[in-house]
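In what follows, a structure is listed as structure tokens, so that the remarks can point back to it.
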Amino acid sequence: MKLDSIESTETTFSFDLKDASPALANAIRRAAINSVSTFAIDKTTVYENTTAMFDEYIAHRIGLVPIRTPSKGYTDKDEIIFSLDANGPKTVYSKELESKDKDVKVANENIPIIKLAEGQKLRMDGKAVMSTAMRHSKFQPGIVTYDLEKSTYKFYVESFGQMPPKEIINKAFEAIKTELKEIGKEL
């Protein structure tokens with residue numbers, strides 16, 4: 001098996017995988033999509049909502065905002081609180097979700113959450129936790145695809161912003177190694 005890096009940017013990464021089986025190529029793709037832990041807002045507490053939208057609808061939208069996930073120092077036991085306090089008239093954007101941790105913040109500040117009319121208020125907290133897309137798609141770090149051309153798998157990775165795309169692939173390899181060790185113990 002041989003891996004050649006083709007192109008790398010802040011949000012995308014392309015590489016070729018040669019002399020590998022289809023099973024391995026698909027395992028890499030699936031692990032990158034499903035087995036990489038990221039932060040996402042999972043639980044919310046709404047203190048005031050005078051908008052026309054249900055609390056659950058707003059909580060769902062906030063849960064889909066990608067959260068930057070530092071590469072080290074955090075586990076699935078960590079909880080980061082994000083606060084939102086907005087008064088209309090205005091459009092509320094993801095940049096208004098204020099994190100209690102300076103290293104964990106929204107990945108894209110320009111995602112519209114809700115439009116507030118004159119006199120409408122929205123005040124809430126959201127708790128970000130780490131998990132994988134096996135639990136919910138909001139924890140998925142990006143999109144990973146590949147094409148097969150003459151025994152070479154041409155991979156394309158696009159990050160949603162939680163982490164660099166190369167890191168998604170590195171963590172996918174770690175996840176595969178961990179799963180193989182677990183299988184070895186069971187055998």
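Within each chain, counting starts at residue 1; across the structure tokens, chains are named A, B, ... in the order shown, with ligands numbered 1 upward in that order.
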Which of segment 17-171 of chain A fall in strand (DSSP E), as a PyMOL selection string: chain A and resi 17-18+38-49+79-87+90-93+98-99+112-116+121-131+142-149+152-159
Near segment 164-173 of chain A, within 7 Å and counting only C-alpha atoms, which residues show up once chain neighbours fewer than 6 positions away are dropped, as an mmCIF file with C-alpha atoms, in the first residue's frame?
```
data_model
loop_
_atom_site.group_PDB
_atom_site.id
_atom_site.type_symbol
_atom_site.label_atom_id
_atom_site.label_comp_id
_atom_site.auth_asym_id
_atom_site.auth_seq_id
_atom_site.Cartn_x
_atom_site.Cartn_y
_atom_site.Cartn_z
ATOM 1 C CA GLU A 10 -7.422 24.572 4.688
ATOM 2 C CA THR A 11 -10.697 22.810 3.828
ATOM 3 C CA THR A 12 -9.813 20.105 1.276
ATOM 4 C CA PHE A 13 -7.285 17.320 0.898
ATOM 5 C CA ILE A 28 -10.802 4.504 5.384
ATOM 6 C CA ALA A 31 -13.924 5.639 9.408
ATOM 7 C CA ALA A 32 -13.312 9.244 8.317
ATOM 8 C CA SER A 35 -15.473 7.299 13.611
ATOM 9 C CA VAL A 36 -13.785 10.683 14.070
ATOM 10 C CA VAL A 157 -11.711 14.956 1.683
ATOM 11 C CA GLU A 158 -13.680 18.126 2.450
#
```
Name all residues at most 12 Å from Asp103 of chain A (count only C-alpha atoms; drop same-chain ones fewer than 4 positions away) and give them as a tab-separated table (two decimals) with N, CA and C atoms, in the first residue's frame.
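Everything below was put into around_23.tsv:
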```tsv
chain	number	residue	atom	x	y	z
A	39	PHE	N	-16.75	17.99	18.30
A	39	PHE	CA	-17.71	18.66	19.16
A	39	PHE	C	-18.95	19.06	18.35
A	67	ILE	N	-18.49	22.97	15.13
A	67	ILE	CA	-17.71	23.51	16.25
A	67	ILE	C	-16.25	23.07	16.07
A	68	ARG	N	-15.32	24.03	16.13
A	68	ARG	CA	-13.88	23.68	16.03
A	68	ARG	C	-13.51	22.71	17.14
A	69	THR	N	-12.84	21.66	16.74
A	69	THR	CA	-12.45	20.62	17.69
A	69	THR	C	-10.93	20.54	17.72
A	70	PRO	N	-10.30	21.08	18.78
A	70	PRO	CA	-8.83	21.01	18.87
A	70	PRO	C	-8.35	19.56	18.84
A	71	SER	N	-7.15	19.34	18.30
A	71	SER	CA	-6.66	17.98	18.11
A	71	SER	C	-6.31	17.27	19.41
A	72	LYS	N	-5.97	18.00	20.45
A	72	LYS	CA	-5.57	17.34	21.70
A	72	LYS	C	-6.18	18.05	22.90
A	73	GLY	N	-6.27	17.29	24.00
A	73	GLY	CA	-6.68	17.88	25.26
A	73	GLY	C	-8.14	17.72	25.63
A	74	TYR	N	-8.95	17.14	24.73
A	74	TYR	CA	-10.37	17.00	25.01
A	74	TYR	C	-10.79	15.54	24.84
A	80	ILE	N	-18.64	21.77	26.80
A	80	ILE	CA	-18.34	23.19	26.61
A	80	ILE	C	-19.67	23.93	26.44
A	98	GLU	N	-21.43	32.33	21.97
A	98	GLU	CA	-20.20	32.61	22.73
A	98	GLU	C	-19.81	31.39	23.56
A	99	SER	N	-18.58	30.93	23.32
A	99	SER	CA	-18.06	29.76	24.01
A	99	SER	C	-17.42	30.14	25.34
A	107	ALA	N	-16.97	27.02	13.96
A	107	ALA	CA	-16.03	26.92	12.85
A	107	ALA	C	-16.33	27.94	11.76
A	162	GLN	N	-14.56	21.65	11.49
A	162	GLN	CA	-14.20	21.26	12.85
A	162	GLN	C	-12.71	21.02	13.00
```
- Task: Name the residues of segment 2-137 of chain A that fall into helix (DSSP H, G or I) according to DSSP on the backbone, using the chain letters and numbers of this document, as a list in words.
- Result: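 Filtering segment 2-137 of chain A to helix (DSSP H, G or I) leaves Pro22, Ala23, Leu24, Ala25, Asn26, Ala27, Ile28, Arg29, Arg30, Ala31, Ala32, Ile33, Asn34, Asp55, Glu56, Tyr57, Ile58, Ala59, His60, Arg61, Ile62, Gly63, Ser94, Lys95, Glu96 and Ser137 of chain A.
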Using 9 Å as the limit and counting only C-alpha atoms, can you tabulate each residue of segment 62-96 of chain A that touches segment 129-147 of chain A, with its shortest atom-to-atom distance in Å and the two atoms involved, as a Markdown table?
```
| residue | atom | partner | partner_atom | distance |
| --- | --- | --- | --- | --- |
| A:Gly63 | CA | A:Lys138 | CA | 6.8 |
| A:Leu64 | CA | A:Lys138 | CA | 5.4 |
| A:Val65 | CA | A:Lys138 | CA | 8.0 |
| A:Pro66 | CA | A:Lys138 | CA | 7.7 |
| A:Thr69 | CA | A:Met130 | CA | 8.6 |
| A:Tyr74 | CA | A:Met130 | CA | 8.2 |
| A:Thr75 | CA | A:Met130 | CA | 6.8 |
| A:Asp76 | CA | A:Met130 | CA | 4.7 |
| A:Lys77 | CA | A:Val129 | CA | 7.5 |
| A:Asp78 | CA | A:Val129 | CA | 6.2 |
| A:Glu79 | CA | A:Val129 | CA | 5.0 |
| A:Ile80 | CA | A:Val129 | CA | 6.7 |
```
Counting only C-alpha atoms, what is within 7 Å of Ser94 of chain A, bar same-chain residues fewer than 5 positions away, as a ChimeraX atom specification? /A:106,109-113
Go ahead and write the selection's residues with N, CA and C atoms as a PDB file, in the first residue's frame.
```
ATOM      1  N   VAL A 106     -17.201  28.263  17.302  1.00  0.00           N
ATOM      2  CA  VAL A 106     -17.851  27.903  16.037  1.00  0.00           C
ATOM      3  C   VAL A 106     -16.825  27.947  14.905  1.00  0.00           C
ATOM      4  N   GLU A 109     -18.489  31.518  11.286  1.00  0.00           N
ATOM      5  CA  GLU A 109     -19.226  32.553  12.022  1.00  0.00           C
ATOM      6  C   GLU A 109     -20.421  33.112  11.259  1.00  0.00           C
ATOM      7  N   ASN A 110     -20.588  32.774   9.998  1.00  0.00           N
ATOM      8  CA  ASN A 110     -21.617  33.413   9.167  1.00  0.00           C
ATOM      9  C   ASN A 110     -22.795  32.509   8.823  1.00  0.00           C
ATOM     10  N   ILE A 111     -23.095  31.555   9.676  1.00  0.00           N
ATOM     11  CA  ILE A 111     -24.253  30.687   9.447  1.00  0.00           C
ATOM     12  C   ILE A 111     -25.476  31.346  10.092  1.00  0.00           C
ATOM     13  N   PRO A 112     -26.509  31.675   9.306  1.00  0.00           N
ATOM     14  CA  PRO A 112     -27.709  32.276   9.902  1.00  0.00           C
ATOM     15  C   PRO A 112     -28.480  31.248  10.725  1.00  0.00           C
ATOM     16  N   ILE A 113     -28.896  31.663  11.914  1.00  0.00           N
ATOM     17  CA  ILE A 113     -29.640  30.763  12.802  1.00  0.00           C
ATOM     18  C   ILE A 113     -31.128  31.097  12.768  1.00  0.00           C
TER      19      ILE A 113
END
```
